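K.L.:
Here you go, my_file-v1.pdb (PDB, C-alpha atoms):
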```
ATOM      1  CA  MET G   1     381.940 133.695  37.501  1.00  0.00           C
ATOM      2  CA  MET G   2     379.034 136.129  37.397  1.00  0.00           C
ATOM      3  CA  SER G   3     379.189 139.634  38.771  1.00  0.00           C
ATOM      4  CA  GLY G   4     376.586 141.054  41.165  1.00  0.00           C
ATOM      5  CA  PHE G   5     374.516 142.644  38.390  1.00  0.00           C
ATOM      6  CA  GLU G   6     374.245 139.431  36.359  1.00  0.00           C
ATOM      7  CA  THR G   7     373.180 137.512  39.463  1.00  0.00           C
ATOM      8  CA  ILE G   8     370.427 140.019  40.176  1.00  0.00           C
ATOM      9  CA  VAL G   9     369.164 139.887  36.572  1.00  0.00           C
ATOM     10  CA  MET G  10     369.141 136.093  36.646  1.00  0.00           C
ATOM     11  CA  TYR G  11     367.301 136.089  39.985  1.00  0.00           C
ATOM     12  CA  LEU G  12     364.671 138.514  38.681  1.00  0.00           C
ATOM     13  CA  GLY G  13     364.273 136.477  35.475  1.00  0.00           C
ATOM     14  CA  MET G  14     363.747 133.238  37.392  1.00  0.00           C
ATOM     15  CA  SER G  15     361.267 134.980  39.692  1.00  0.00           C
ATOM     16  CA  LEU G  16     359.312 136.223  36.673  1.00  0.00           C
ATOM     17  CA  LEU G  17     359.261 132.714  35.185  1.00  0.00           C
ATOM     18  CA  VAL G  18     357.943 131.225  38.432  1.00  0.00           C
ATOM     19  CA  ILE G  19     355.237 133.896  38.666  1.00  0.00           C
ATOM     20  CA  LEU G  20     354.134 133.331  35.079  1.00  0.00           C
ATOM     21  CA  ALA G  21     354.144 129.541  35.561  1.00  0.00           C
ATOM     22  CA  MET G  22     351.939 129.822  38.652  1.00  0.00           C
ATOM     23  CA  LEU G  23     349.496 132.181  36.934  1.00  0.00           C
ATOM     24  CA  GLY G  24     349.332 129.905  33.898  1.00  0.00           C
ATOM     25  CA  ALA G  25     348.759 126.800  36.010  1.00  0.00           C
ATOM     26  CA  SER G  26     346.008 128.586  37.929  1.00  0.00           C
ATOM     27  CA  ALA G  27     344.303 129.678  34.703  1.00  0.00           C
ATOM     28  CA  LEU G  28     344.490 126.189  33.183  1.00  0.00           C
ATOM     29  CA  LEU G  29     343.615 124.096  36.225  1.00  0.00           C
ATOM     30  CA  GLY G  30     341.325 126.401  38.188  1.00  0.00           C
ATOM     31  CA  PRO G  31     337.545 126.387  37.833  1.00  0.00           C
ATOM     32  CA  TYR G  32     335.871 129.164  35.855  1.00  0.00           C
ATOM     33  CA  ARG G  33     332.216 129.556  36.779  1.00  0.00           C
ATOM     34  CA  PRO G  34     331.118 133.192  36.396  1.00  0.00           C
ATOM     35  CA  ALA G  35     327.777 134.118  37.941  1.00  0.00           C
ATOM     36  CA  PRO G  36     325.949 137.417  38.434  1.00  0.00           C
ATOM     37  CA  GLU G  37     325.787 136.786  42.184  1.00  0.00           C
ATOM     38  CA  LYS G  38     329.565 136.576  42.359  1.00  0.00           C
ATOM     39  CA  ALA G  39     329.968 139.904  40.563  1.00  0.00           C
ATOM     40  CA  THR G  40     327.828 141.868  43.026  1.00  0.00           C
ATOM     41  CA  THR G  41     329.357 143.931  45.801  1.00  0.00           C
ATOM     42  CA  PHE G  42     328.766 142.716  49.325  1.00  0.00           C
ATOM     43  CA  GLU G  43     330.308 143.135  52.723  1.00  0.00           C
ATOM     44  CA  CYS G  44     330.463 140.147  55.069  1.00  0.00           C
ATOM     45  CA  GLY G  45     327.734 138.392  53.100  1.00  0.00           C
ATOM     46  CA  VAL G  46     325.266 141.264  53.464  1.00  0.00           C
ATOM     47  CA  PRO G  47     324.253 143.368  50.432  1.00  0.00           C
ATOM     48  CA  LEU G  48     325.322 147.013  50.567  1.00  0.00           C
ATOM     49  CA  LEU G  49     322.780 149.565  51.723  1.00  0.00           C
ATOM     50  CA  ASP G  50     324.593 152.649  50.400  1.00  0.00           C
ATOM     51  CA  PRO G  51     326.280 153.112  47.047  1.00  0.00           C
ATOM     52  CA  SER G  52     329.934 152.127  47.142  1.00  0.00           C
ATOM     53  CA  HIS G  53     331.162 155.208  45.266  1.00  0.00           C
ATOM     54  CA  LYS G  54     331.214 157.975  47.858  1.00  0.00           C
ATOM     55  CA  ARG G  55     333.230 161.137  47.616  1.00  0.00           C
ATOM     56  CA  TYR G  56     335.840 161.536  50.324  1.00  0.00           C
ATOM     57  CA  SER G  57     337.080 164.820  51.638  1.00  0.00           C
ATOM     58  CA  VAL G  58     340.486 165.997  50.486  1.00  0.00           C
ATOM     59  CA  LYS G  59     341.461 166.224  54.177  1.00  0.00           C
ATOM     60  CA  TYR G  60     341.951 162.445  54.273  1.00  0.00           C
ATOM     61  CA  TYR G  61     344.554 162.642  51.534  1.00  0.00           C
ATOM     62  CA  LEU G  62     346.265 165.700  53.033  1.00  0.00           C
ATOM     63  CA  VAL G  63     346.593 163.984  56.392  1.00  0.00           C
ATOM     64  CA  ALA G  64     347.951 160.869  54.668  1.00  0.00           C
ATOM     65  CA  VAL G  65     350.571 162.864  52.747  1.00  0.00           C
ATOM     66  CA  LEU G  66     351.580 164.769  55.887  1.00  0.00           C
ATOM     67  CA  PHE G  67     351.900 161.479  57.740  1.00  0.00           C
ATOM     68  CA  LEU G  68     354.154 160.088  55.012  1.00  0.00           C
ATOM     69  CA  VAL G  69     356.349 163.187  54.996  1.00  0.00           C
ATOM     70  CA  PHE G  70     356.894 163.218  58.747  1.00  0.00           C
ATOM     71  CA  ASP G  71     357.200 159.448  58.943  1.00  0.00           C
ATOM     72  CA  LEU G  72     359.960 159.704  56.366  1.00  0.00           C
ATOM     73  CA  GLU G  73     361.553 162.436  58.465  1.00  0.00           C
ATOM     74  CA  THR G  74     361.620 160.090  61.446  1.00  0.00           C
ATOM     75  CA  VAL G  75     363.163 157.312  59.369  1.00  0.00           C
ATOM     76  CA  LEU G  76     365.883 159.651  58.110  1.00  0.00           C
ATOM     77  CA  ILE G  77     366.558 161.371  61.464  1.00  0.00           C
ATOM     78  CA  TYR G  78     366.895 158.169  63.531  1.00  0.00           C
ATOM     79  CA  PRO G  79     370.242 157.023  62.046  1.00  0.00           C
ATOM     80  CA  LEU G  80     371.608 160.544  62.501  1.00  0.00           C
ATOM     81  CA  ALA G  81     370.647 160.483  66.163  1.00  0.00           C
ATOM     82  CA  VAL G  82     372.250 157.068  66.645  1.00  0.00           C
ATOM     83  CA  GLN G  83     375.503 158.171  65.007  1.00  0.00           C
ATOM     84  CA  PHE G  84     375.565 161.682  66.487  1.00  0.00           C
ATOM     85  CA  LYS G  85     378.934 161.271  68.250  1.00  0.00           C
ATOM     86  CA  ALA G  86     380.546 159.962  65.069  1.00  0.00           C
ATOM     87  CA  LEU G  87     379.056 162.861  63.118  1.00  0.00           C
ATOM     88  CA  ALA G  88     380.329 165.324  65.735  1.00  0.00           C
ATOM     89  CA  THR G  89     383.887 164.359  64.866  1.00  0.00           C
ATOM     90  CA  LEU G  90     383.268 165.536  61.287  1.00  0.00           C
ATOM     91  CA  GLY G  91     382.823 169.097  62.465  1.00  0.00           C
ATOM     92  CA  TRP G  92     380.065 171.668  62.182  1.00  0.00           C
ATOM     93  CA  GLY G  93     379.261 170.834  58.560  1.00  0.00           C
ATOM     94  CA  ALA G  94     377.325 167.686  59.485  1.00  0.00           C
ATOM     95  CA  PHE G  95     375.446 169.568  62.190  1.00  0.00           C
ATOM     96  CA  PHE G  96     374.398 172.294  59.745  1.00  0.00           C
ATOM     97  CA  GLU G  97     373.254 169.728  57.178  1.00  0.00           C
ATOM     98  CA  ILE G  98     371.029 168.093  59.808  1.00  0.00           C
ATOM     99  CA  PHE G  99     369.783 171.511  60.893  1.00  0.00           C
ATOM    100  CA  ILE G 100     368.880 172.477  57.307  1.00  0.00           C
ATOM    101  CA  PHE G 101     367.001 169.181  56.840  1.00  0.00           C
ATOM    102  CA  VAL G 102     364.978 169.659  60.033  1.00  0.00           C
ATOM    103  CA  PHE G 103     364.416 173.351  59.244  1.00  0.00           C
ATOM    104  CA  VAL G 104     362.950 172.583  55.815  1.00  0.00           C
ATOM    105  CA  LEU G 105     360.593 170.025  57.359  1.00  0.00           C
ATOM    106  CA  LEU G 106     359.558 172.471  60.078  1.00  0.00           C
ATOM    107  CA  VAL G 107     358.823 175.108  57.433  1.00  0.00           C
ATOM    108  CA  GLY G 108     356.602 172.545  55.705  1.00  0.00           C
ATOM    109  CA  LEU G 109     354.818 171.778  58.979  1.00  0.00           C
ATOM    110  CA  VAL G 110     354.235 175.469  59.742  1.00  0.00           C
ATOM    111  CA  TYR G 111     352.903 175.966  56.202  1.00  0.00           C
ATOM    112  CA  ALA G 112     350.522 173.003  56.616  1.00  0.00           C
ATOM    113  CA  ILE G 113     349.292 174.351  59.953  1.00  0.00           C
ATOM    114  CA  LYS G 114     348.740 177.841  58.541  1.00  0.00           C
ATOM    115  CA  LYS G 115     346.828 176.434  55.550  1.00  0.00           C
ATOM    116  CA  GLY G 116     344.632 174.423  57.932  1.00  0.00           C
ATOM    117  CA  ALA G 117     345.677 171.005  56.632  1.00  0.00           C
ATOM    118  CA  VAL G 118     345.852 169.552  60.137  1.00  0.00           C
ATOM    119  CA  ASP G 119     342.590 171.073  61.405  1.00  0.00           C
ATOM    120  CA  TRP G 120     339.795 168.555  61.542  1.00  0.00           C
ATOM    121  CA  GLU G 121     336.174 169.636  61.336  1.00  0.00           C
TER     122      GLU G 121
END
```
Kindly present the structure from the file in structure tokens form.

P.N.:
Amino acid sequence: MMSGFETIVMYLGMSLLVILAMLGASALLGPYRPAPEKATTFECGVPLLDPSHKRYSVKYYLVAVLFLVFDLETVLIYPLAVQFKALATLGWGAFFEIFIFVFVLLVGLVYAIKKGAVDWE
């Protein structure tokens, strides 16, 4: 009988074989008709008016990273809120661990606000 690790390795190996078989069948059986018209960039069938390589402001990336950080905070805080009564039986240690986690995230938020990462122009 196989253990859990061997089952996972076998499952991943079979998945890889299926993926490679599908890609190979597509390459062998699919049509290959390259054309310059197919290689051009278009949007909804209309040629582009502006160049496609524009520079974006760093603010977009800062807002995205801040969103990910605080979204992760929500994902990690929710189970703690659901199990708060069970954690209360463990004593003050669990409460202080939660407090330290939230405090570190609040320090990060205050730093981002002071640096102007959340101000939009």

K.L.:
Using only C-alpha atoms, which of the listed residues (G:Thr40, G:Leu106, G:Met10, G:Ile113) sits closest to G:Glu73?

P.N.:
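For G:Glu73, the nearest of the given residues is G:Leu106.
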
K.L.:
Considering all atoms listed in the file, state which residue in the set G:Tyr11, G:Phe101, G:Tyr32, G:Phe96 is at the smallest distance from G:Ile77.

P.N.:
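Of G:Tyr11, G:Phe101, G:Tyr32, G:Phe96, the one nearest G:Ile77, counting all atoms listed in the file, is G:Phe101.
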
K.L.:
Can you tell me which residues surround stretch 56-66 of chain G at a distance of at most 8 Å, considering all atoms listed in the file, apart from same-chain residues fewer than 5 positions away, and format the answer as a list in words?

P.N.:
Ala117, Val118 and Trp120 of chain G

K.L.:
Suppose we keep C-alpha atoms; can you now write the selection as a compact mmCIF listing (two decimals), keeping the file's coordinate frame?

P.N.:
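Generated output (selection.txt):
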```
# COMPACT_ATOMS: atom_id res chain seq x y z
CA ALA G 117 345.68 171.00 56.63
CA VAL G 118 345.85 169.55 60.14
CA TRP G 120 339.80 168.56 61.54
```

K.L.:
What does the structure give for the distance between atom CA of G:Lys115 and atom CA of G:Val102, in Å to one decimal?

P.N.:
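Distance reported for this atom pair: 19.9 Å.
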
K.L.:
Between atom CA of G:Pro79 and atom CA of G:Gly4, what distance in Å does the model show, to one decimal?

P.N.:
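Straight-line distance from atom CA of G:Pro79 to atom CA of G:Gly4 works out to 27.0 Å.
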
K.L.:
I need the residue nearest G:Phe67 from this list: G:Gly91, G:Gly13, G:Val104, G:Ala112. Use only C-alpha atoms for the distance.

P.N.:
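So, comparing all the options, the nearest one is G:Ala112.
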
K.L.:
Which one is closest to G:Leu72: G:Leu17, G:Leu105, G:Arg33, G:Val110? Count all atoms listed in the file.

P.N.:
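With all atoms listed in the file as the atom set, the closest residue is G:Leu105.
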
K.L.:
Report the distance between atom CA of G:Leu109 and atom CA of G:Val69 in Å, rounded to one decimal place.

P.N.:
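Answer for the atom CA of G:Leu109 to atom CA of G:Val69 separation: 9.6 Å.
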
K.L.:
Would you mind telling me which residue in G:Ala25, G:Met14, G:Ile19, G:Ile98 lies nearest to G:Leu76 when using all atoms listed in the file?

P.N.:
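Residue with the minimum atom-to-atom distance to G:Leu76: G:Ile98.
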